[in-house]
Structures are given as C-alpha cells and as structure tokens.
>>> print(open('entry_16.pdb').read())   # PDB, C-alpha atoms
ATOM      1  CA  MET A   1       0.000   0.000   0.000
ATOM      2  CA  SER A   2       1.421   3.394  -0.943
ATOM      3  CA  GLN A   3       2.020   6.124   1.630
ATOM      4  CA  SER A   4      -0.978   8.216   0.455
ATOM      5  CA  LYS A   5      -3.276   5.201   0.693
ATOM      6  CA  GLN A   6      -2.035   4.467   4.211
ATOM      7  CA  ASN A   7      -2.667   8.104   5.145
ATOM      8  CA  ILE A   8      -6.301   7.710   4.079
ATOM      9  CA  ALA A   9      -6.966   4.280   5.579
ATOM     10  CA  LYS A  10      -5.792   4.829   9.159
ATOM     11  CA  PRO A  11      -8.011   7.823  10.067
ATOM     12  CA  VAL A  12     -11.040   6.341   8.324
ATOM     13  CA  TYR A  13     -10.858   3.162  10.391
ATOM     14  CA  ARG A  14     -10.150   5.137  13.576
ATOM     15  CA  VAL A  15     -13.356   7.081  13.007
ATOM     16  CA  VAL A  16     -15.310   3.830  12.684
ATOM     17  CA  ALA A  17     -13.625   2.437  15.824
ATOM     18  CA  LEU A  18     -14.595   5.539  17.830
ATOM     19  CA  GLN A  19     -18.126   5.314  16.463
ATOM     20  CA  LEU A  20     -18.307   1.672  17.540
ATOM     21  CA  ALA A  21     -17.024   2.514  21.034
ATOM     22  CA  ILE A  22     -19.636   5.240  21.484
ATOM     23  CA  ALA A  23     -22.444   3.020  20.141
ATOM     24  CA  VAL A  24     -21.483   0.177  22.507
ATOM     25  CA  THR A  25     -21.234   2.576  25.453
ATOM     26  CA  PHE A  26     -24.675   3.979  24.667
ATOM     27  CA  ALA A  27     -26.204   0.497  24.392
ATOM     28  CA  ILE A  28     -24.666  -0.524  27.732
ATOM     29  CA  LEU A  29     -25.984   2.640  29.399
ATOM     30  CA  VAL A  30     -29.446   1.969  28.012
ATOM     31  CA  SER A  31     -29.279  -1.611  29.323
ATOM     32  CA  VAL A  32     -28.225  -0.445  32.774
ATOM     33  CA  MET A  33     -30.712   2.443  32.980
ATOM     34  CA  GLY A  34     -33.582   0.621  31.273
ATOM     35  CA  ASP A  35     -33.619  -3.072  30.537
ATOM     36  CA  ALA A  36     -31.864  -5.587  28.311
ATOM     37  CA  HIS A  37     -34.527  -5.380  25.611
ATOM     38  CA  LYS A  38     -34.027  -1.627  25.211
ATOM     39  CA  GLY A  39     -30.258  -2.127  25.329
ATOM     40  CA  TRP A  40     -30.332  -4.702  22.522
ATOM     41  CA  SER A  41     -32.545  -2.398  20.487
ATOM     42  CA  ALA A  42     -30.086   0.466  20.965
ATOM     43  CA  ALA A  43     -27.226  -1.883  20.087
ATOM     44  CA  TYR A  44     -28.943  -2.932  16.859
ATOM     45  CA  GLY A  45     -29.517   0.705  15.919
ATOM     46  CA  GLY A  46     -25.889   1.505  16.630
ATOM     47  CA  ALA A  47     -24.792  -1.542  14.653
ATOM     48  CA  ILE A  48     -26.730  -0.318  11.626
ATOM     49  CA  ALA A  49     -24.773   2.945  11.665
ATOM     50  CA  VAL A  50     -21.416   1.283  12.360
ATOM     51  CA  ILE A  51     -21.836  -1.339   9.631
ATOM     52  CA  GLY A  52     -22.712   1.361   7.103
ATOM     53  CA  SER A  53     -19.679   3.401   8.117
ATOM     54  CA  LEU A  54     -17.431   0.356   7.965
ATOM     55  CA  MET A  55     -18.637  -0.439   4.435
ATOM     56  CA  TYR A  56     -17.930   3.175   3.469
ATOM     57  CA  ALA A  57     -14.452   3.018   5.002
ATOM     58  CA  MET A  58     -13.614  -0.239   3.251
ATOM     59  CA  LEU A  59     -14.578   1.182  -0.139
ATOM     60  CA  VAL A  60     -12.758   4.493   0.348
ATOM     61  CA  ALA A  61      -9.634   3.267   2.155
ATOM     62  CA  SER A  62      -7.961   2.170  -1.067
ATOM     63  CA  GLY A  63      -7.611   5.853  -1.913
ATOM     64  CA  SER A  64      -6.517   7.433  -5.154
ATOM     65  CA  ASP A  65      -4.340  10.325  -6.205
ATOM     66  CA  ASP A  66      -6.695  11.006  -9.108
ATOM     67  CA  ALA A  67      -9.477  13.402  -8.066
ATOM     68  CA  ASN A  68     -12.053  11.875 -10.418
ATOM     69  CA  LYS A  69     -11.398   8.354  -9.148
ATOM     70  CA  ALA A  70     -11.503   9.546  -5.540
ATOM     71  CA  PHE A  71     -14.807  11.346  -6.114
ATOM     72  CA  ARG A  72     -16.341   8.282  -7.762
ATOM     73  CA  ALA A  73     -15.094   6.066  -4.922
ATOM     74  CA  HIS A  74     -16.689   8.348  -2.309
ATOM     75  CA  LEU A  75     -19.932   8.559  -4.264
ATOM     76  CA  ARG A  76     -20.065   4.770  -4.700
ATOM     77  CA  ALA A  77     -19.224   4.263  -1.026
ATOM     78  CA  GLU A  78     -21.984   6.638   0.079
ATOM     79  CA  LEU A  79     -24.539   4.872  -2.117
ATOM     80  CA  VAL A  80     -23.497   1.499  -0.696
ATOM     81  CA  LYS A  81     -23.704   2.922   2.831
ATOM     82  CA  ILE A  82     -27.243   4.198   2.231
ATOM     83  CA  PHE A  83     -28.289   0.886   0.652
ATOM     84  CA  ILE A  84     -26.859  -1.135   3.578
ATOM     85  CA  THR A  85     -28.523   1.190   6.102
ATOM     86  CA  VAL A  86     -31.946   0.859   4.455
ATOM     87  CA  LEU A  87     -31.513  -2.900   4.116
ATOM     88  CA  LEU A  88     -30.624  -3.290   7.806
ATOM     89  CA  PHE A  89     -33.616  -1.180   8.874
ATOM     90  CA  VAL A  90     -35.887  -3.344   6.707
ATOM     91  CA  LEU A  91     -34.377  -6.462   8.255
ATOM     92  CA  ALA A  92     -35.074  -4.971  11.687
ATOM     93  CA  LEU A  93     -38.716  -4.467  10.719
ATOM     94  CA  VAL A  94     -39.016  -8.047   9.518
ATOM     95  CA  LEU A  95     -36.831  -9.977  11.967
ATOM     96  CA  PHE A  96     -36.840  -7.838  15.110
ATOM     97  CA  GLN A  97     -40.501  -6.833  15.331
ATOM     98  CA  SER A  98     -40.438  -6.764  19.113
ATOM     99  CA  ALA A  99     -37.712  -4.111  19.113
ATOM    100  CA  ALA A 100     -38.048  -1.032  21.262
ATOM    101  CA  TRP A 101     -38.129   1.205  18.200
ATOM    102  CA  LEU A 102     -37.448   4.451  20.024
ATOM    103  CA  TRP A 103     -34.208   2.976  21.404
ATOM    104  CA  LEU A 104     -33.260   1.416  18.071
ATOM    105  CA  ILE A 105     -33.596   4.784  16.352
ATOM    106  CA  LEU A 106     -31.808   6.564  19.202
ATOM    107  CA  GLY A 107     -28.978   4.031  18.991
ATOM    108  CA  PHE A 108     -28.696   4.759  15.270
ATOM    109  CA  ALA A 109     -28.819   8.524  15.869
ATOM    110  CA  VAL A 110     -26.178   8.433  18.619
ATOM    111  CA  ALA A 111     -23.862   6.299  16.481
ATOM    112  CA  THR A 112     -24.384   8.576  13.472
ATOM    113  CA  LEU A 113     -23.641  11.674  15.555
ATOM    114  CA  ALA A 114     -20.628   9.882  17.024
ATOM    115  CA  TYR A 115     -19.339   9.395  13.486
ATOM    116  CA  TRP A 116     -19.437  13.134  12.834
ATOM    117  CA  PHE A 117     -17.911  14.035  16.199
ATOM    118  CA  SER A 118     -15.182  11.416  15.836
ATOM    119  CA  LEU A 119     -14.219  13.009  12.515
ATOM    120  CA  LEU A 120     -13.304  16.094  14.551
ATOM    121  CA  ALA A 121     -11.197  14.018  16.967
ATOM    122  CA  VAL A 122      -9.189  12.151  14.334
TER     123      VAL A 122
END
>>> encode(input="entry_16.pdb", output="structure tokens")
Amino acid sequence: MSQSKQNIAKPVYRVVALQLAIAVTFAILVSVMGDAHKGWSAAYGGAIAVIGSLMYAMLVASGSDDANKAFRAHLRAELVKIFITVLLFVLALVLFQSAAWLWLILGFAVATLAYWFSLLAV
C-alpha cells in the first residue's frame, strides 16, 4: 500500500472504531438504565450505523491520487452505505418486530452523531 493510501486508511478506520465505542457505550448505558430489551434495540440501531460506516471506510480506504477516481469512490461508497442502512432497517422491521423502536432509532442517531464528532477528533 502506498504512503498516500495508508494516510487515508488509518483515520477512516479510527473514526469507525470511535463510532463503535460510542455506540457500545450507549447500548450498555441503556441496558443499565432501562432493561436488556431496550439495550439490545439500541445496540442494533448503533450496529446499523457502524456497519454502514465500515462499508464506506472499506470502499474508500484504497484511496486514489486522481481526483475523479476519488470522487467516484466516495460517491459509490456513500450509495453502498445508504443501501446497507436501508436494508438493515428493513431487516429490523421483519426480523426484530419486538424491538423497542425508540431505542433502536436513538442508537442509530447516537452512532451517526458519534461518526461526525469522531471526525473532529481524528
């Protein structure tokens, strides 16, 4: 891997790792303050956001010195991220019907906000 590609990959994965840490912390707090059912719902919501971000990071981490290729990679990665996010929410509707939906959505929101705040930290 070239030096420029390594410079892109490390921060991108650090952002996802921070997002995961915040999502897990939130789910644990919800479990402790509420109950396990709410905690698992928050964890699933956080997992939706983290998985989407990880897919984005994996597609963008290869990097490119060519601006057009880099733009296309980011656009493709964002489309994949949106597709994965929608797919995981649909799966939640179908497979996890007993979810505490407020906590699932809050888990997703906290993890998504964590992504943006962790971009500032990295």
>>> closest_atom_pairs(input="entry_16.pdb", of="region 50-76 of chain A", to="region 16-40 of chain A", cutoff="8 Å", atoms="all atoms listed in the file", output="Markdown table")
| residue | atom | partner | partner_atom | distance |
| --- | --- | --- | --- | --- |
| A:Val50 | CA | A:Leu20 | CA | 6.1 |
| A:Ser53 | CA | A:Val16 | CA | 6.3 |
| A:Leu54 | CA | A:Val16 | CA | 6.2 |
| A:Ala57 | CA | A:Val16 | CA | 7.8 |
>>> atom_distance(input="entry_16.pdb", atom1="CA of Asp65 (chain A)", atom2="CA of Tyr13 (chain A)")
19.2 Å
>>> atom_distance(input="entry_16.pdb", atom1="CA of Met58 (chain A)", atom2="CA of Ala77 (chain A)")
8.4 Å
>>> resolve_selection(input="entry_16.pdb", expression="the PyMOL selection byres ((chain A and resi 87-99) around 9)", output="PyMOL selection string")
chain A and resi 37-38+40-41+44-45+48+82-86+100-104
>>> atom_distance(input="entry_16.pdb", atom1="CA of Ala42 (chain A)", atom2="CA of Leu106 (chain A)")
6.6 Å
>>> resolve_selection(input="entry_16.pdb", expression="the PyMOL selection byres ((chain A and resi 121) around 12)", output="ChimeraX atom specification")
/A:11-12,14-19,114-120,122
>>> write_last_selection(input="entry_16.pdb", atoms="C-alpha atoms", output="PDB file, keeping the file's coordinate frame")
ATOM      1  CA  PRO A  11      -8.011   7.823  10.067  1.00  0.00           C
ATOM      2  CA  VAL A  12     -11.040   6.341   8.324  1.00  0.00           C
ATOM      3  CA  ARG A  14     -10.150   5.137  13.576  1.00  0.00           C
ATOM      4  CA  VAL A  15     -13.356   7.081  13.007  1.00  0.00           C
ATOM      5  CA  VAL A  16     -15.310   3.830  12.684  1.00  0.00           C
ATOM      6  CA  ALA A  17     -13.625   2.437  15.824  1.00  0.00           C
ATOM      7  CA  LEU A  18     -14.595   5.539  17.830  1.00  0.00           C
ATOM      8  CA  GLN A  19     -18.126   5.314  16.463  1.00  0.00           C
ATOM      9  CA  ALA A 114     -20.628   9.882  17.024  1.00  0.00           C
ATOM     10  CA  TYR A 115     -19.339   9.395  13.486  1.00  0.00           C
ATOM     11  CA  TRP A 116     -19.437  13.134  12.834  1.00  0.00           C
ATOM     12  CA  PHE A 117     -17.911  14.035  16.199  1.00  0.00           C
ATOM     13  CA  SER A 118     -15.182  11.416  15.836  1.00  0.00           C
ATOM     14  CA  LEU A 119     -14.219  13.009  12.515  1.00  0.00           C
ATOM     15  CA  LEU A 120     -13.304  16.094  14.551  1.00  0.00           C
ATOM     16  CA  VAL A 122      -9.189  12.151  14.334  1.00  0.00           C
TER      17      VAL A 122
END
>>> axis_aligned_box(input="entry_16.pdb", around="region 42-47 of chain A", padding_each_side="5 Å", output="JSON")
{"center_x": -27.4, "center_y": -0.7, "center_z": 17.8, "size_x": 15.3, "size_y": 14.4, "size_z": 16.3}
>>> resolve_selection(input="entry_16.pdb", expression="the PyMOL selection byres ((chain A and resi 74) around 12)", output="JSON, numbers by chain")
{"A": [53, 55, 56, 57, 58, 59, 60, 61, 62, 63, 64, 67, 68, 69, 70, 71, 72, 73, 75, 76, 77, 78, 79, 80, 81]}
>>> decode(input="entry_16.pdb", residues="region 48-64 of chain A", atoms="all heavy atoms", output="PDB file, in the first residue's frame")
ATOM      1  N   ILE A  48     -26.355  -0.739  12.976  1.00  0.00           N
ATOM      2  CA  ILE A  48     -26.730  -0.318  11.626  1.00  0.00           C
ATOM      3  C   ILE A  48     -25.818   0.818  11.158  1.00  0.00           C
ATOM      4  O   ILE A  48     -25.282   0.787  10.047  1.00  0.00           O
ATOM      5  CB  ILE A  48     -28.208   0.113  11.570  1.00  0.00           C
ATOM      6  CG1 ILE A  48     -29.137  -1.090  11.764  1.00  0.00           C
ATOM      7  CG2 ILE A  48     -28.521   0.821  10.247  1.00  0.00           C
ATOM      8  CD1 ILE A  48     -30.603  -0.715  11.911  1.00  0.00           C
ATOM      9  N   ALA A  49     -25.624   1.805  12.025  1.00  0.00           N
ATOM     10  CA  ALA A  49     -24.773   2.945  11.665  1.00  0.00           C
ATOM     11  C   ALA A  49     -23.315   2.530  11.504  1.00  0.00           C
ATOM     12  O   ALA A  49     -22.638   2.951  10.560  1.00  0.00           O
ATOM     13  CB  ALA A  49     -24.902   4.040  12.719  1.00  0.00           C
ATOM     14  N   VAL A  50     -22.823   1.697  12.406  1.00  0.00           N
ATOM     15  CA  VAL A  50     -21.416   1.283  12.360  1.00  0.00           C
ATOM     16  C   VAL A  50     -21.137   0.425  11.127  1.00  0.00           C
ATOM     17  O   VAL A  50     -20.115   0.603  10.450  1.00  0.00           O
ATOM     18  CB  VAL A  50     -21.019   0.547  13.662  1.00  0.00           C
ATOM     19  CG1 VAL A  50     -19.641  -0.078  13.536  1.00  0.00           C
ATOM     20  CG2 VAL A  50     -21.064   1.504  14.841  1.00  0.00           C
ATOM     21  N   ILE A  51     -22.040  -0.492  10.807  1.00  0.00           N
ATOM     22  CA  ILE A  51     -21.836  -1.339   9.631  1.00  0.00           C
ATOM     23  C   ILE A  51     -21.818  -0.502   8.364  1.00  0.00           C
ATOM     24  O   ILE A  51     -20.975  -0.708   7.482  1.00  0.00           O
ATOM     25  CB  ILE A  51     -22.906  -2.453   9.567  1.00  0.00           C
ATOM     26  CG1 ILE A  51     -22.680  -3.460  10.691  1.00  0.00           C
ATOM     27  CG2 ILE A  51     -22.896  -3.150   8.215  1.00  0.00           C
ATOM     28  CD1 ILE A  51     -23.835  -4.415  10.914  1.00  0.00           C
ATOM     29  N   GLY A  52     -22.719   0.462   8.267  1.00  0.00           N
ATOM     30  CA  GLY A  52     -22.712   1.361   7.103  1.00  0.00           C
ATOM     31  C   GLY A  52     -21.411   2.143   6.995  1.00  0.00           C
ATOM     32  O   GLY A  52     -20.825   2.263   5.918  1.00  0.00           O
ATOM     33  N   SER A  53     -20.937   2.646   8.112  1.00  0.00           N
ATOM     34  CA  SER A  53     -19.679   3.401   8.117  1.00  0.00           C
ATOM     35  C   SER A  53     -18.492   2.512   7.772  1.00  0.00           C
ATOM     36  O   SER A  53     -17.567   2.938   7.074  1.00  0.00           O
ATOM     37  CB  SER A  53     -19.450   4.037   9.488  1.00  0.00           C
ATOM     38  OG  SER A  53     -20.456   4.964   9.761  1.00  0.00           O
ATOM     39  N   LEU A  54     -18.516   1.280   8.269  1.00  0.00           N
ATOM     40  CA  LEU A  54     -17.431   0.356   7.965  1.00  0.00           C
ATOM     41  C   LEU A  54     -17.399   0.030   6.470  1.00  0.00           C
ATOM     42  O   LEU A  54     -16.326  -0.009   5.858  1.00  0.00           O
ATOM     43  CB  LEU A  54     -17.564  -0.921   8.788  1.00  0.00           C
ATOM     44  CG  LEU A  54     -16.472  -1.959   8.597  1.00  0.00           C
ATOM     45  CD1 LEU A  54     -15.099  -1.380   8.968  1.00  0.00           C
ATOM     46  CD2 LEU A  54     -16.766  -3.188   9.439  1.00  0.00           C
ATOM     47  N   MET A  55     -18.570  -0.183   5.877  1.00  0.00           N
ATOM     48  CA  MET A  55     -18.637  -0.439   4.435  1.00  0.00           C
ATOM     49  C   MET A  55     -18.073   0.765   3.668  1.00  0.00           C
ATOM     50  O   MET A  55     -17.316   0.605   2.717  1.00  0.00           O
ATOM     51  CB  MET A  55     -20.070  -0.723   3.998  1.00  0.00           C
ATOM     52  CG  MET A  55     -20.635  -2.014   4.549  1.00  0.00           C
ATOM     53  SD  MET A  55     -19.696  -3.475   4.091  1.00  0.00           S
ATOM     54  CE  MET A  55     -19.911  -3.461   2.333  1.00  0.00           C
ATOM     55  N   TYR A  56     -18.444   1.962   4.094  1.00  0.00           N
ATOM     56  CA  TYR A  56     -17.930   3.175   3.469  1.00  0.00           C
ATOM     57  C   TYR A  56     -16.404   3.216   3.578  1.00  0.00           C
ATOM     58  O   TYR A  56     -15.710   3.460   2.586  1.00  0.00           O
ATOM     59  CB  TYR A  56     -18.545   4.402   4.146  1.00  0.00           C
ATOM     60  CG  TYR A  56     -18.132   5.702   3.530  1.00  0.00           C
ATOM     61  CD1 TYR A  56     -18.913   6.296   2.551  1.00  0.00           C
ATOM     62  CD2 TYR A  56     -16.974   6.354   3.920  1.00  0.00           C
ATOM     63  CE1 TYR A  56     -18.545   7.505   1.982  1.00  0.00           C
ATOM     64  CE2 TYR A  56     -16.589   7.543   3.357  1.00  0.00           C
ATOM     65  CZ  TYR A  56     -17.382   8.121   2.390  1.00  0.00           C
ATOM     66  OH  TYR A  56     -17.005   9.310   1.819  1.00  0.00           O
ATOM     67  N   ALA A  57     -15.898   2.966   4.778  1.00  0.00           N
ATOM     68  CA  ALA A  57     -14.452   3.018   5.002  1.00  0.00           C
ATOM     69  C   ALA A  57     -13.715   2.001   4.146  1.00  0.00           C
ATOM     70  O   ALA A  57     -12.655   2.296   3.577  1.00  0.00           O
ATOM     71  CB  ALA A  57     -14.147   2.782   6.479  1.00  0.00           C
ATOM     72  N   MET A  58     -14.266   0.802   4.040  1.00  0.00           N
ATOM     73  CA  MET A  58     -13.614  -0.239   3.251  1.00  0.00           C
ATOM     74  C   MET A  58     -13.542   0.143   1.770  1.00  0.00           C
ATOM     75  O   MET A  58     -12.548  -0.155   1.103  1.00  0.00           O
ATOM     76  CB  MET A  58     -14.346  -1.562   3.428  1.00  0.00           C
ATOM     77  CG  MET A  58     -14.165  -2.158   4.811  1.00  0.00           C
ATOM     78  SD  MET A  58     -15.256  -3.542   5.203  1.00  0.00           S
ATOM     79  CE  MET A  58     -14.969  -4.645   3.853  1.00  0.00           C
ATOM     80  N   LEU A  59     -14.565   0.806   1.272  1.00  0.00           N
ATOM     81  CA  LEU A  59     -14.578   1.182  -0.139  1.00  0.00           C
ATOM     82  C   LEU A  59     -13.702   2.397  -0.426  1.00  0.00           C
ATOM     83  O   LEU A  59     -13.187   2.547  -1.532  1.00  0.00           O
ATOM     84  CB  LEU A  59     -16.014   1.456  -0.597  1.00  0.00           C
ATOM     85  CG  LEU A  59     -16.915   0.221  -0.649  1.00  0.00           C
ATOM     86  CD1 LEU A  59     -18.352   0.624  -0.890  1.00  0.00           C
ATOM     87  CD2 LEU A  59     -16.433  -0.750  -1.715  1.00  0.00           C
ATOM     88  N   VAL A  60     -13.520   3.256   0.560  1.00  0.00           N
ATOM     89  CA  VAL A  60     -12.758   4.493   0.348  1.00  0.00           C
ATOM     90  C   VAL A  60     -11.289   4.333   0.735  1.00  0.00           C
ATOM     91  O   VAL A  60     -10.431   5.040   0.223  1.00  0.00           O
ATOM     92  CB  VAL A  60     -13.414   5.642   1.150  1.00  0.00           C
ATOM     93  CG1 VAL A  60     -12.557   6.874   1.165  1.00  0.00           C
ATOM     94  CG2 VAL A  60     -14.776   5.962   0.570  1.00  0.00           C
ATOM     95  N   ALA A  61     -10.986   3.397   1.602  1.00  0.00           N
ATOM     96  CA  ALA A  61      -9.634   3.267   2.155  1.00  0.00           C
ATOM     97  C   ALA A  61      -8.573   2.991   1.101  1.00  0.00           C
ATOM     98  O   ALA A  61      -7.406   3.282   1.314  1.00  0.00           O
ATOM     99  CB  ALA A  61      -9.596   2.179   3.216  1.00  0.00           C
ATOM    100  N   SER A  62      -8.960   2.436  -0.027  1.00  0.00           N
ATOM    101  CA  SER A  62      -7.961   2.170  -1.067  1.00  0.00           C
ATOM    102  C   SER A  62      -7.352   3.465  -1.579  1.00  0.00           C
ATOM    103  O   SER A  62      -6.211   3.498  -1.995  1.00  0.00           O
ATOM    104  CB  SER A  62      -8.586   1.382  -2.215  1.00  0.00           C
ATOM    105  OG  SER A  62      -9.632   2.121  -2.804  1.00  0.00           O
ATOM    106  N   GLY A  63      -8.117   4.541  -1.540  1.00  0.00           N
ATOM    107  CA  GLY A  63      -7.611   5.853  -1.913  1.00  0.00           C
ATOM    108  C   GLY A  63      -7.164   5.956  -3.353  1.00  0.00           C
ATOM    109  O   GLY A  63      -7.003   4.958  -4.044  1.00  0.00           O
ATOM    110  N   SER A  64      -6.992   7.180  -3.808  1.00  0.00           N
ATOM    111  CA  SER A  64      -6.517   7.433  -5.154  1.00  0.00           C
ATOM    112  C   SER A  64      -5.946   8.845  -5.212  1.00  0.00           C
ATOM    113  O   SER A  64      -6.445   9.755  -4.556  1.00  0.00           O
ATOM    114  CB  SER A  64      -7.666   7.290  -6.156  1.00  0.00           C
ATOM    115  OG  SER A  64      -7.224   7.617  -7.447  1.00  0.00           O
TER     116      SER A  64
END
